[in-house]
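Engineer: Have a look at the structure that comes next, please.
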Amino acid sequence: MSRMGNSRLWGKITVLLAVCGWCLSAQAKYGGGSGEPNDPYLIYDANQMQAIGADANDWDKCFKLMADIDLGEYEGEEFNIIGTNSSRPFAGIFDGNGHTISDFTYGSSSTSNIGLFGYVRGASAEIKNLGLIAPNVDAGTGSYVGSLVGWLESGTITDCYSTGGSVEGGSYVGGLVGRNYRGTVSNCYSTTPVTAAGFYSYVGGLVGYNGGTISNCYSTGSVNGTGDYVGGLVGYGFEGTITNCYSEGSVTGDDYVGGLVGRNEDGTITECYSTRGSVEGGSCVGGLVGLNYGTITNCYSNGDVWGTEDNVGGLVGYGRGTIANCYSEASVTGDDYVGGLVGTNRYKGTITNCYSTGSASGDWVVGGLVGRNYGTISNCYSTGSVNGYGDVGGLVGWNYTGTISDCYSTGSVSGTSYVGGLAGTGDPNLVTASFWDKDTSGWTTSAGGECKTTAEMMTQSTFTSAGWDFLGEPANGTKDTWRMCVDGVDYPRLTWEYVQGGDFACPDGVNAADLEVLCEDWLSTYSQALYGADANADKHVTFADFAILAQRWLSGL
């Protein structure tokens, strides 16, 4: 072969090797894969995680974690956060694949959008199946801080969690997500303690600020805010939805402090609870929600509630929204406007089908159910003891311009000025078809309502003659709001209390009569939850309700 022929041959080989080398290097990026949905980049170690944050061109790609990773080698601001701001968000998919990332550590004096992912945005953006072990995030006075995501503008986070470690920041701080603007967080939890030092803390055990959807989530870490809007799960909710969630950690803040949510602004909270942990703050402090301007249904709280100022309640501190089918077993202590369920029920606020059993103690305006009422209270009761100085009532301390109908109270009442068995002070004409037990309360006077003996209070005709709608009697309606199967055994109880335990029909106890009701209601749909045989409160009678009945089969009260 000529020298010229050899030159051409080696030229072709050189080009071929270069092309092959380029193909191999592209294929070998990260731990393999091409970043496409059906061929995600594979991540095996800490260096590859660090590399994701270093290349913003890949923030709309797909990734899959292939091993448990320890990020402990990166300290301070060394780790490259993935997605930094609204101009450079993470918009791809990160699948944790059931693996964990340990010791994610980040320290800064004032940086914002801090988390493993700083800023996430995109209709298809998704983080899923990932656990964080002992994250330690301290953003100083920075905002939008979470162990997993600092700011979730849109997209979804599913099946993720954070345990141990700590998360600290100035405001918009959450155990998992700092701010959820319009995204979805589902099937997630956090046990990580959270602290916020800002005047407006916006701090929550799971999410600091929620304007999106949170479902099937919980938090158990302690939450501490030096300012306002502090919640066990969410600090501040605006037009968001929280469904089937709970919190168990202690919560401490200044104002607008709640066991689950600090402030619920035009949002919906349903099938949620706050339990075990104490809730402490100044004004607008509630076992579930500090301030409620939205809707709360089928929820409860039972942790101790302490407020150093006014508007303190076992479920809600201050509200003008809707509360239905809820209860509180919390022990409540405050200054003024203290209630076993709600501290202040403001104008246009409605409380219906609710009850409280915990004690309520304060100075002025203290009630077993509501301290101060401007709104509507119907089909409710309270049984806890009530203690105060003035404007003290077994059900309501001060019924200012509100209405009370079809309610009762049985707790002991003590006070010095303006004290009543049912209502301490207010217009008696605004109270209708309502009663209190003069034997247990120790009072025969009240600003409205009728006093009855214990025997009379345990007799169904006392209430049906006043128009109360009971299960099994059609004369007063068909909603079957109340239930009393046998006279002389118990006070009236709300029917939904029994329904959620599978006890759908009298006689009390779960037996064949309840199975018959479930069969008659099979596949029925209700406009309200916890009616008929809807034991799981989803407004439909299905196998989920049958499972509750089966679990409680042959049980008593």
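Simple scheme: letters A, B, ... for chains in structure tokens order, numbers from 1 for residues in each chain, numbers from 1 for ligands in the order shown.
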Can you tell me, as a ChimeraX atom specification, which residues in stretch 401-525 of chain A count as strand (DSSP E) by DSSP?
Structural biologist: /A:403-405,408-409,413-414,417-420,423-426,431-432,435-437,450-452,482-483,493-494
Engineer: So, counting only C-alpha atoms, which residue among A:Gly165, A:Gly286, A:Pro193, A:Gly83 is closest to A:Tyr273?
Structural biologist: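 Answer, going by the shortest atom-to-atom distance: A:Gly286.
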Engineer: Can you tell me, as a list in words, what residues are no more than 9 Å from A:Glu280 when counting only C-alpha atoms, ignoring any on the same chain fewer than 3 positions away?
Structural biologist: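 Selected residues are Ser250, Val251, Thr252, Gly253, Asp254, Val257, Gly258, Gly259, Val285, Gly286, Asp304, Val305, Trp306, Gly307 and Thr308 of chain A.
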Engineer: Would you output that residue set with N, CA and C atoms, as an mmCIF file, in the first residue's frame?
Structural biologist:
```
data_model
loop_
_atom_site.group_PDB
_atom_site.id
_atom_site.type_symbol
_atom_site.label_atom_id
_atom_site.label_comp_id
_atom_site.auth_asym_id
_atom_site.auth_seq_id
_atom_site.Cartn_x
_atom_site.Cartn_y
_atom_site.Cartn_z
ATOM 1 N N SER A 250 -44.165 18.439 69.667
ATOM 2 C CA SER A 250 -44.479 19.653 70.415
ATOM 3 C C SER A 250 -44.260 20.873 69.527
ATOM 4 N N VAL A 251 -45.076 21.908 69.751
ATOM 5 C CA VAL A 251 -45.033 23.106 68.917
ATOM 6 C C VAL A 251 -44.960 24.340 69.813
ATOM 7 N N THR A 252 -44.010 25.220 69.531
ATOM 8 C CA THR A 252 -43.841 26.430 70.319
ATOM 9 C C THR A 252 -43.627 27.625 69.392
ATOM 10 N N GLY A 253 -44.340 28.712 69.652
ATOM 11 C CA GLY A 253 -44.179 29.909 68.844
ATOM 12 C C GLY A 253 -44.709 31.129 69.567
ATOM 13 N N ASP A 254 -44.843 32.220 68.820
ATOM 14 C CA ASP A 254 -45.346 33.461 69.390
ATOM 15 C C ASP A 254 -46.860 33.523 69.191
ATOM 16 N N VAL A 257 -50.305 29.869 66.435
ATOM 17 C CA VAL A 257 -49.595 28.617 66.680
ATOM 18 C C VAL A 257 -50.612 27.473 66.742
ATOM 19 N N GLY A 258 -50.385 26.400 65.981
ATOM 20 C CA GLY A 258 -51.318 25.284 65.975
ATOM 21 C C GLY A 258 -50.624 23.936 65.991
ATOM 22 N N GLY A 259 -51.250 22.958 66.599
ATOM 23 C CA GLY A 259 -50.669 21.620 66.643
ATOM 24 C C GLY A 259 -50.463 21.029 65.267
ATOM 25 N N VAL A 285 -53.852 30.517 69.644
ATOM 26 C CA VAL A 285 -53.186 29.230 69.831
ATOM 27 C C VAL A 285 -54.239 28.134 69.856
ATOM 28 N N GLY A 286 -54.069 27.093 69.020
ATOM 29 C CA GLY A 286 -55.048 26.019 68.966
ATOM 30 C C GLY A 286 -54.411 24.645 68.910
ATOM 31 N N ASP A 304 -52.072 18.988 75.110
ATOM 32 C CA ASP A 304 -52.289 20.150 75.977
ATOM 33 C C ASP A 304 -52.009 21.437 75.212
ATOM 34 N N VAL A 305 -52.838 22.462 75.474
ATOM 35 C CA VAL A 305 -52.709 23.736 74.782
ATOM 36 C C VAL A 305 -52.515 24.843 75.814
ATOM 37 N N TRP A 306 -51.453 25.647 75.611
ATOM 38 C CA TRP A 306 -51.144 26.740 76.532
ATOM 39 C C TRP A 306 -50.994 28.037 75.744
ATOM 40 N N GLY A 307 -51.699 29.067 76.187
ATOM 41 C CA GLY A 307 -51.561 30.385 75.588
ATOM 42 C C GLY A 307 -51.355 31.431 76.665
ATOM 43 N N THR A 308 -50.353 32.271 76.498
ATOM 44 C CA THR A 308 -50.081 33.289 77.515
ATOM 45 C C THR A 308 -50.957 34.525 77.332
#
```
Engineer: In Å, how far is it from atom CA of A:Gly388 to atom CA of A:Gly415?
Structural biologist: 5.0 Å
Engineer: Report the distance between atom CA of A:Ile351 and atom CA of A:Tyr256 in Å, rounded to one decimal place.
Structural biologist: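 A separation of 19.7 Å between them.
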Engineer: Could you give me, as a PDB file with N, CA and C atoms, in the first residue's frame, the residues within 12 Å of A:Ser441, counting only C-alpha atoms and dropping anything in the same chain fewer than 6 positions from it?
Structural biologist:
```pdb
ATOM      1  N   GLY A 368     -66.682  25.943  77.987  1.00  0.00           N
ATOM      2  CA  GLY A 368     -66.350  24.539  77.780  1.00  0.00           C
ATOM      3  C   GLY A 368     -66.173  24.189  76.321  1.00  0.00           C
ATOM      4  N   SER A 382     -70.329  19.975  75.272  1.00  0.00           N
ATOM      5  CA  SER A 382     -69.067  19.970  75.999  1.00  0.00           C
ATOM      6  C   SER A 382     -69.277  19.303  77.351  1.00  0.00           C
ATOM      7  N   THR A 383     -68.244  18.592  77.802  1.00  0.00           N
ATOM      8  CA  THR A 383     -68.336  17.871  79.076  1.00  0.00           C
ATOM      9  C   THR A 383     -67.202  18.207  80.036  1.00  0.00           C
ATOM     10  N   GLY A 384     -66.222  18.985  79.610  1.00  0.00           N
ATOM     11  CA  GLY A 384     -65.078  19.285  80.465  1.00  0.00           C
ATOM     12  C   GLY A 384     -65.360  20.357  81.489  1.00  0.00           C
ATOM     13  N   SER A 385     -64.540  20.388  82.531  1.00  0.00           N
ATOM     14  CA  SER A 385     -64.671  21.410  83.565  1.00  0.00           C
ATOM     15  C   SER A 385     -64.211  22.761  83.030  1.00  0.00           C
ATOM     16  N   VAL A 386     -64.827  23.844  83.557  1.00  0.00           N
ATOM     17  CA  VAL A 386     -64.531  25.199  83.096  1.00  0.00           C
ATOM     18  C   VAL A 386     -64.213  26.068  84.304  1.00  0.00           C
ATOM     19  N   ASN A 387     -63.090  26.759  84.242  1.00  0.00           N
ATOM     20  CA  ASN A 387     -62.675  27.605  85.361  1.00  0.00           C
ATOM     21  C   ASN A 387     -62.217  28.963  84.860  1.00  0.00           C
ATOM     22  N   VAL A 392     -67.977  33.203  82.372  1.00  0.00           N
ATOM     23  CA  VAL A 392     -67.622  31.785  82.347  1.00  0.00           C
ATOM     24  C   VAL A 392     -68.886  30.951  82.146  1.00  0.00           C
ATOM     25  N   GLY A 393     -68.861  30.016  81.182  1.00  0.00           N
ATOM     26  CA  GLY A 393     -70.022  29.182  80.930  1.00  0.00           C
ATOM     27  C   GLY A 393     -69.657  27.758  80.580  1.00  0.00           C
ATOM     28  N   GLY A 394     -70.546  26.828  80.893  1.00  0.00           N
ATOM     29  CA  GLY A 394     -70.288  25.416  80.603  1.00  0.00           C
ATOM     30  C   GLY A 394     -70.098  25.142  79.128  1.00  0.00           C
ATOM     31  N   LEU A 395     -70.796  25.894  78.273  1.00  0.00           N
ATOM     32  CA  LEU A 395     -70.645  25.749  76.825  1.00  0.00           C
ATOM     33  C   LEU A 395     -69.935  26.951  76.223  1.00  0.00           C
ATOM     34  N   TYR A 408     -75.680  21.275  74.340  1.00  0.00           N
ATOM     35  CA  TYR A 408     -75.761  21.059  75.784  1.00  0.00           C
ATOM     36  C   TYR A 408     -74.373  21.023  76.395  1.00  0.00           C
ATOM     37  N   SER A 409     -74.332  21.163  77.728  1.00  0.00           N
ATOM     38  CA  SER A 409     -73.076  21.055  78.467  1.00  0.00           C
ATOM     39  C   SER A 409     -73.328  20.349  79.786  1.00  0.00           C
ATOM     40  N   THR A 410     -72.287  19.647  80.279  1.00  0.00           N
ATOM     41  CA  THR A 410     -72.429  18.892  81.535  1.00  0.00           C
ATOM     42  C   THR A 410     -71.277  19.125  82.497  1.00  0.00           C
ATOM     43  N   GLY A 411     -70.239  19.866  82.096  1.00  0.00           N
ATOM     44  CA  GLY A 411     -69.061  20.024  82.940  1.00  0.00           C
ATOM     45  C   GLY A 411     -69.284  20.950  84.116  1.00  0.00           C
ATOM     46  N   SER A 412     -68.451  20.787  85.132  1.00  0.00           N
ATOM     47  CA  SER A 412     -68.511  21.673  86.298  1.00  0.00           C
ATOM     48  C   SER A 412     -68.020  23.062  85.901  1.00  0.00           C
ATOM     49  N   VAL A 413     -68.619  24.085  86.488  1.00  0.00           N
ATOM     50  CA  VAL A 413     -68.301  25.465  86.126  1.00  0.00           C
ATOM     51  C   VAL A 413     -67.984  26.253  87.379  1.00  0.00           C
ATOM     52  N   SER A 414     -66.873  26.977  87.366  1.00  0.00           N
ATOM     53  CA  SER A 414     -66.524  27.813  88.507  1.00  0.00           C
ATOM     54  C   SER A 414     -66.059  29.177  88.029  1.00  0.00           C
ATOM     55  N   GLY A 415     -66.503  30.217  88.740  1.00  0.00           N
ATOM     56  CA  GLY A 415     -66.146  31.577  88.394  1.00  0.00           C
ATOM     57  C   GLY A 415     -66.696  32.546  89.419  1.00  0.00           C
ATOM     58  N   VAL A 419     -71.373  34.172  85.542  1.00  0.00           N
ATOM     59  CA  VAL A 419     -71.146  32.740  85.406  1.00  0.00           C
ATOM     60  C   VAL A 419     -72.475  32.043  85.145  1.00  0.00           C
ATOM     61  N   GLY A 420     -72.495  31.081  84.229  1.00  0.00           N
ATOM     62  CA  GLY A 420     -73.722  30.352  83.939  1.00  0.00           C
ATOM     63  C   GLY A 420     -73.464  28.903  83.599  1.00  0.00           C
ATOM     64  N   GLY A 421     -74.476  28.078  83.834  1.00  0.00           N
ATOM     65  CA  GLY A 421     -74.338  26.653  83.551  1.00  0.00           C
ATOM     66  C   GLY A 421     -74.081  26.374  82.086  1.00  0.00           C
ATOM     67  N   LEU A 422     -74.732  27.116  81.180  1.00  0.00           N
ATOM     68  CA  LEU A 422     -74.530  26.948  79.739  1.00  0.00           C
ATOM     69  C   LEU A 422     -73.743  28.124  79.160  1.00  0.00           C
ATOM     70  N   ALA A 423     -74.210  29.363  79.414  1.00  0.00           N
ATOM     71  CA  ALA A 423     -73.544  30.572  78.924  1.00  0.00           C
ATOM     72  C   ALA A 423     -73.331  31.551  80.065  1.00  0.00           C
ATOM     73  N   PHE A 435     -79.487  22.996  76.523  1.00  0.00           N
ATOM     74  CA  PHE A 435     -79.654  22.580  77.916  1.00  0.00           C
ATOM     75  C   PHE A 435     -78.302  22.449  78.617  1.00  0.00           C
ATOM     76  N   CYS A 451     -82.041  24.508  82.326  1.00  0.00           N
ATOM     77  CA  CYS A 451     -81.321  23.599  83.210  1.00  0.00           C
ATOM     78  C   CYS A 451     -82.159  22.350  83.443  1.00  0.00           C
ATOM     79  N   LYS A 452     -81.489  21.219  83.519  1.00  0.00           N
ATOM     80  CA  LYS A 452     -82.140  19.939  83.740  1.00  0.00           C
ATOM     81  C   LYS A 452     -81.314  19.130  84.730  1.00  0.00           C
ATOM     82  N   THR A 453     -81.976  18.169  85.356  1.00  0.00           N
ATOM     83  CA  THR A 453     -81.258  17.246  86.228  1.00  0.00           C
ATOM     84  C   THR A 453     -80.489  16.249  85.363  1.00  0.00           C
ATOM     85  N   THR A 454     -79.584  15.516  86.001  1.00  0.00           N
ATOM     86  CA  THR A 454     -78.835  14.496  85.261  1.00  0.00           C
ATOM     87  C   THR A 454     -79.778  13.462  84.670  1.00  0.00           C
TER      88      THR A 454
END
```
Engineer: Compare A:Ser328, A:Val120, A:Thr243, A:Gly115 by their minimum atom-to-atom distance to A:Thr357, counting only C-alpha atoms, and give me the closest one.
Structural biologist: A:Ser328
Engineer: Quick one, how far is atom CA of A:Asp503 from atom CA of A:Ala475?
Structural biologist: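 These two atoms are separated by 22.6 Å.
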Engineer: Can you pull out the residues contacting stretch 138-147 of chain A? Cut-off 7 Å, using only C-alpha atoms, and skip same-chain residues under 6 positions away; I want them as a count of residues only.
Structural biologist: 24
Engineer: For stretch 192-310 of chain A versus stretch 155-158 of chain A, which residues have an atom no more than 12 Å away, and what is each residue's nearest atom pair and distance in Å rounded to one decimal, using only C-alpha atoms, chain-then-number order, as CSV?
Structural biologist:
```
residue,atom,partner,partner_atom,distance
A:Val207,CA,A:Ile157,CA,11.8
A:Gly212,CA,A:Gly155,CA,10.0
A:Thr213,CA,A:Thr156,CA,9.4
A:Ile214,CA,A:Ile157,CA,9.6
A:Ser215,CA,A:Thr158,CA,9.7
A:Asn216,CA,A:Thr158,CA,9.9
A:Cys217,CA,A:Thr158,CA,9.7
```
Engineer: Would you please give, as JSON, numbers by chain, all residues of stretch 31-183 of chain A that DSSP assigns to alpha helix (DSSP H) based on the backbone?
Structural biologist: {"A": [46, 47, 48, 49, 50, 51, 52, 53, 54]}
Engineer: Mind writing the picked residues with C-alpha atoms as a PDB file, in the first residue's frame?
Structural biologist:
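As written to disk, again_39.pdb reads:
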```pdb
ATOM      1  CA  ALA A  46     -21.766  11.153  46.470  1.00  0.00           C
ATOM      2  CA  ASN A  47     -19.570  12.460  43.648  1.00  0.00           C
ATOM      3  CA  GLN A  48     -22.317  11.796  41.131  1.00  0.00           C
ATOM      4  CA  MET A  49     -24.870  13.593  43.327  1.00  0.00           C
ATOM      5  CA  GLN A  50     -22.476  16.528  43.533  1.00  0.00           C
ATOM      6  CA  ALA A  51     -22.109  16.455  39.754  1.00  0.00           C
ATOM      7  CA  ILE A  52     -25.871  16.890  39.232  1.00  0.00           C
ATOM      8  CA  GLY A  53     -25.802  20.211  41.054  1.00  0.00           C
ATOM      9  CA  ALA A  54     -22.798  21.340  39.046  1.00  0.00           C
TER      10      ALA A  54
END
```
Engineer: Using only C-alpha atoms, can you tell me which of A:Val289, A:Ala529, A:Ala330, A:Cys245 comes closest to A:Val316?
Structural biologist: A:Val289
Engineer: Which residues come within 12 Å of A:Ala544, counting only C-alpha atoms, excluding same-chain residues fewer than 2 positions away, as an mmCIF file with N, CA and C atoms, in the first residue's frame?
Structural biologist:
```
data_model
loop_
_atom_site.group_PDB
_atom_site.id
_atom_site.type_symbol
_atom_site.label_atom_id
_atom_site.label_comp_id
_atom_site.auth_asym_id
_atom_site.auth_seq_id
_atom_site.Cartn_x
_atom_site.Cartn_y
_atom_site.Cartn_z
ATOM 1 N N GLN A 500 -68.017 6.246 62.924
ATOM 2 C CA GLN A 500 -66.598 6.070 62.606
ATOM 3 C C GLN A 500 -66.002 4.837 63.280
ATOM 4 N N GLY A 502 -67.814 1.937 63.299
ATOM 5 C CA GLY A 502 -68.529 0.800 62.737
ATOM 6 C C GLY A 502 -69.848 0.489 63.418
ATOM 7 N N LEU A 518 -75.045 -1.687 56.829
ATOM 8 C CA LEU A 518 -74.025 -1.593 55.794
ATOM 9 C C LEU A 518 -74.512 -2.232 54.492
ATOM 10 N N TRP A 522 -74.975 -0.308 50.884
ATOM 11 C CA TRP A 522 -73.837 -0.706 50.056
ATOM 12 C C TRP A 522 -73.754 0.115 48.762
ATOM 13 N N LEU A 523 -72.582 0.722 48.527
ATOM 14 C CA LEU A 523 -72.294 1.565 47.368
ATOM 15 C C LEU A 523 -73.100 2.860 47.334
ATOM 16 N N ALA A 533 -73.544 4.240 56.821
ATOM 17 C CA ALA A 533 -72.483 3.271 57.090
ATOM 18 C C ALA A 533 -71.133 3.737 56.557
ATOM 19 N N ASP A 534 -70.959 5.040 56.423
ATOM 20 C CA ASP A 534 -69.709 5.616 55.926
ATOM 21 C C ASP A 534 -68.725 5.771 57.078
ATOM 22 N N ALA A 535 -68.090 4.685 57.474
ATOM 23 C CA ALA A 535 -67.221 4.691 58.651
ATOM 24 C C ALA A 535 -65.883 5.370 58.411
ATOM 25 N N ASN A 536 -65.396 5.381 57.178
ATOM 26 C CA ASN A 536 -64.076 5.962 56.916
ATOM 27 C C ASN A 536 -64.152 7.385 56.377
ATOM 28 N N ALA A 537 -65.352 7.969 56.383
ATOM 29 C CA ALA A 537 -65.562 9.389 56.066
ATOM 30 C C ALA A 537 -65.206 9.783 54.637
ATOM 31 N N ASP A 538 -65.310 8.853 53.683
ATOM 32 C CA ASP A 538 -65.055 9.221 52.286
ATOM 33 C C ASP A 538 -66.342 9.449 51.501
ATOM 34 N N LYS A 539 -67.493 9.430 52.212
ATOM 35 C CA LYS A 539 -68.810 9.704 51.642
ATOM 36 C C LYS A 539 -69.329 8.576 50.749
ATOM 37 N N HIS A 540 -68.676 7.422 50.793
ATOM 38 C CA HIS A 540 -69.117 6.259 50.023
ATOM 39 C C HIS A 540 -69.097 5.029 50.921
ATOM 40 N N VAL A 541 -69.989 4.094 50.694
ATOM 41 C CA VAL A 541 -70.009 2.853 51.464
ATOM 42 C C VAL A 541 -69.380 1.754 50.620
ATOM 43 N N THR A 542 -68.198 1.330 51.017
ATOM 44 C CA THR A 542 -67.437 0.347 50.253
ATOM 45 C C THR A 542 -66.768 -0.641 51.206
ATOM 46 N N PHE A 546 -66.576 -1.696 55.418
ATOM 47 C CA PHE A 546 -66.766 -3.070 55.901
ATOM 48 C C PHE A 546 -65.562 -3.512 56.736
ATOM 49 N N ALA A 547 -64.360 -3.077 56.337
ATOM 50 C CA ALA A 547 -63.156 -3.448 57.084
ATOM 51 C C ALA A 547 -63.185 -2.879 58.496
ATOM 52 N N ILE A 548 -63.700 -1.654 58.653
ATOM 53 C CA ILE A 548 -63.802 -1.050 59.981
ATOM 54 C C ILE A 548 -64.808 -1.809 60.835
ATOM 55 N N LEU A 549 -65.949 -2.159 60.235
ATOM 56 C CA LEU A 549 -66.950 -2.938 60.959
ATOM 57 C C LEU A 549 -66.373 -4.292 61.385
ATOM 58 N N ALA A 550 -65.659 -4.960 60.481
ATOM 59 C CA ALA A 550 -65.080 -6.268 60.796
ATOM 60 C C ALA A 550 -64.057 -6.170 61.918
ATOM 61 N N GLN A 551 -63.279 -5.084 61.912
ATOM 62 C CA GLN A 551 -62.260 -4.894 62.948
ATOM 63 C C GLN A 551 -62.883 -4.711 64.323
#
```
Engineer: Excluding A:Ser162 and residues on its chain fewer than 6 positions from it, collect all residues at most 7 Å away from it, counting only C-alpha atoms, and give them as a list in words.
Structural biologist: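 Listing them by chain and then by number gives Gly131, Leu132, Ile133, Leu176, Tyr189, Ser190, Thr191 and Thr192 of chain A.
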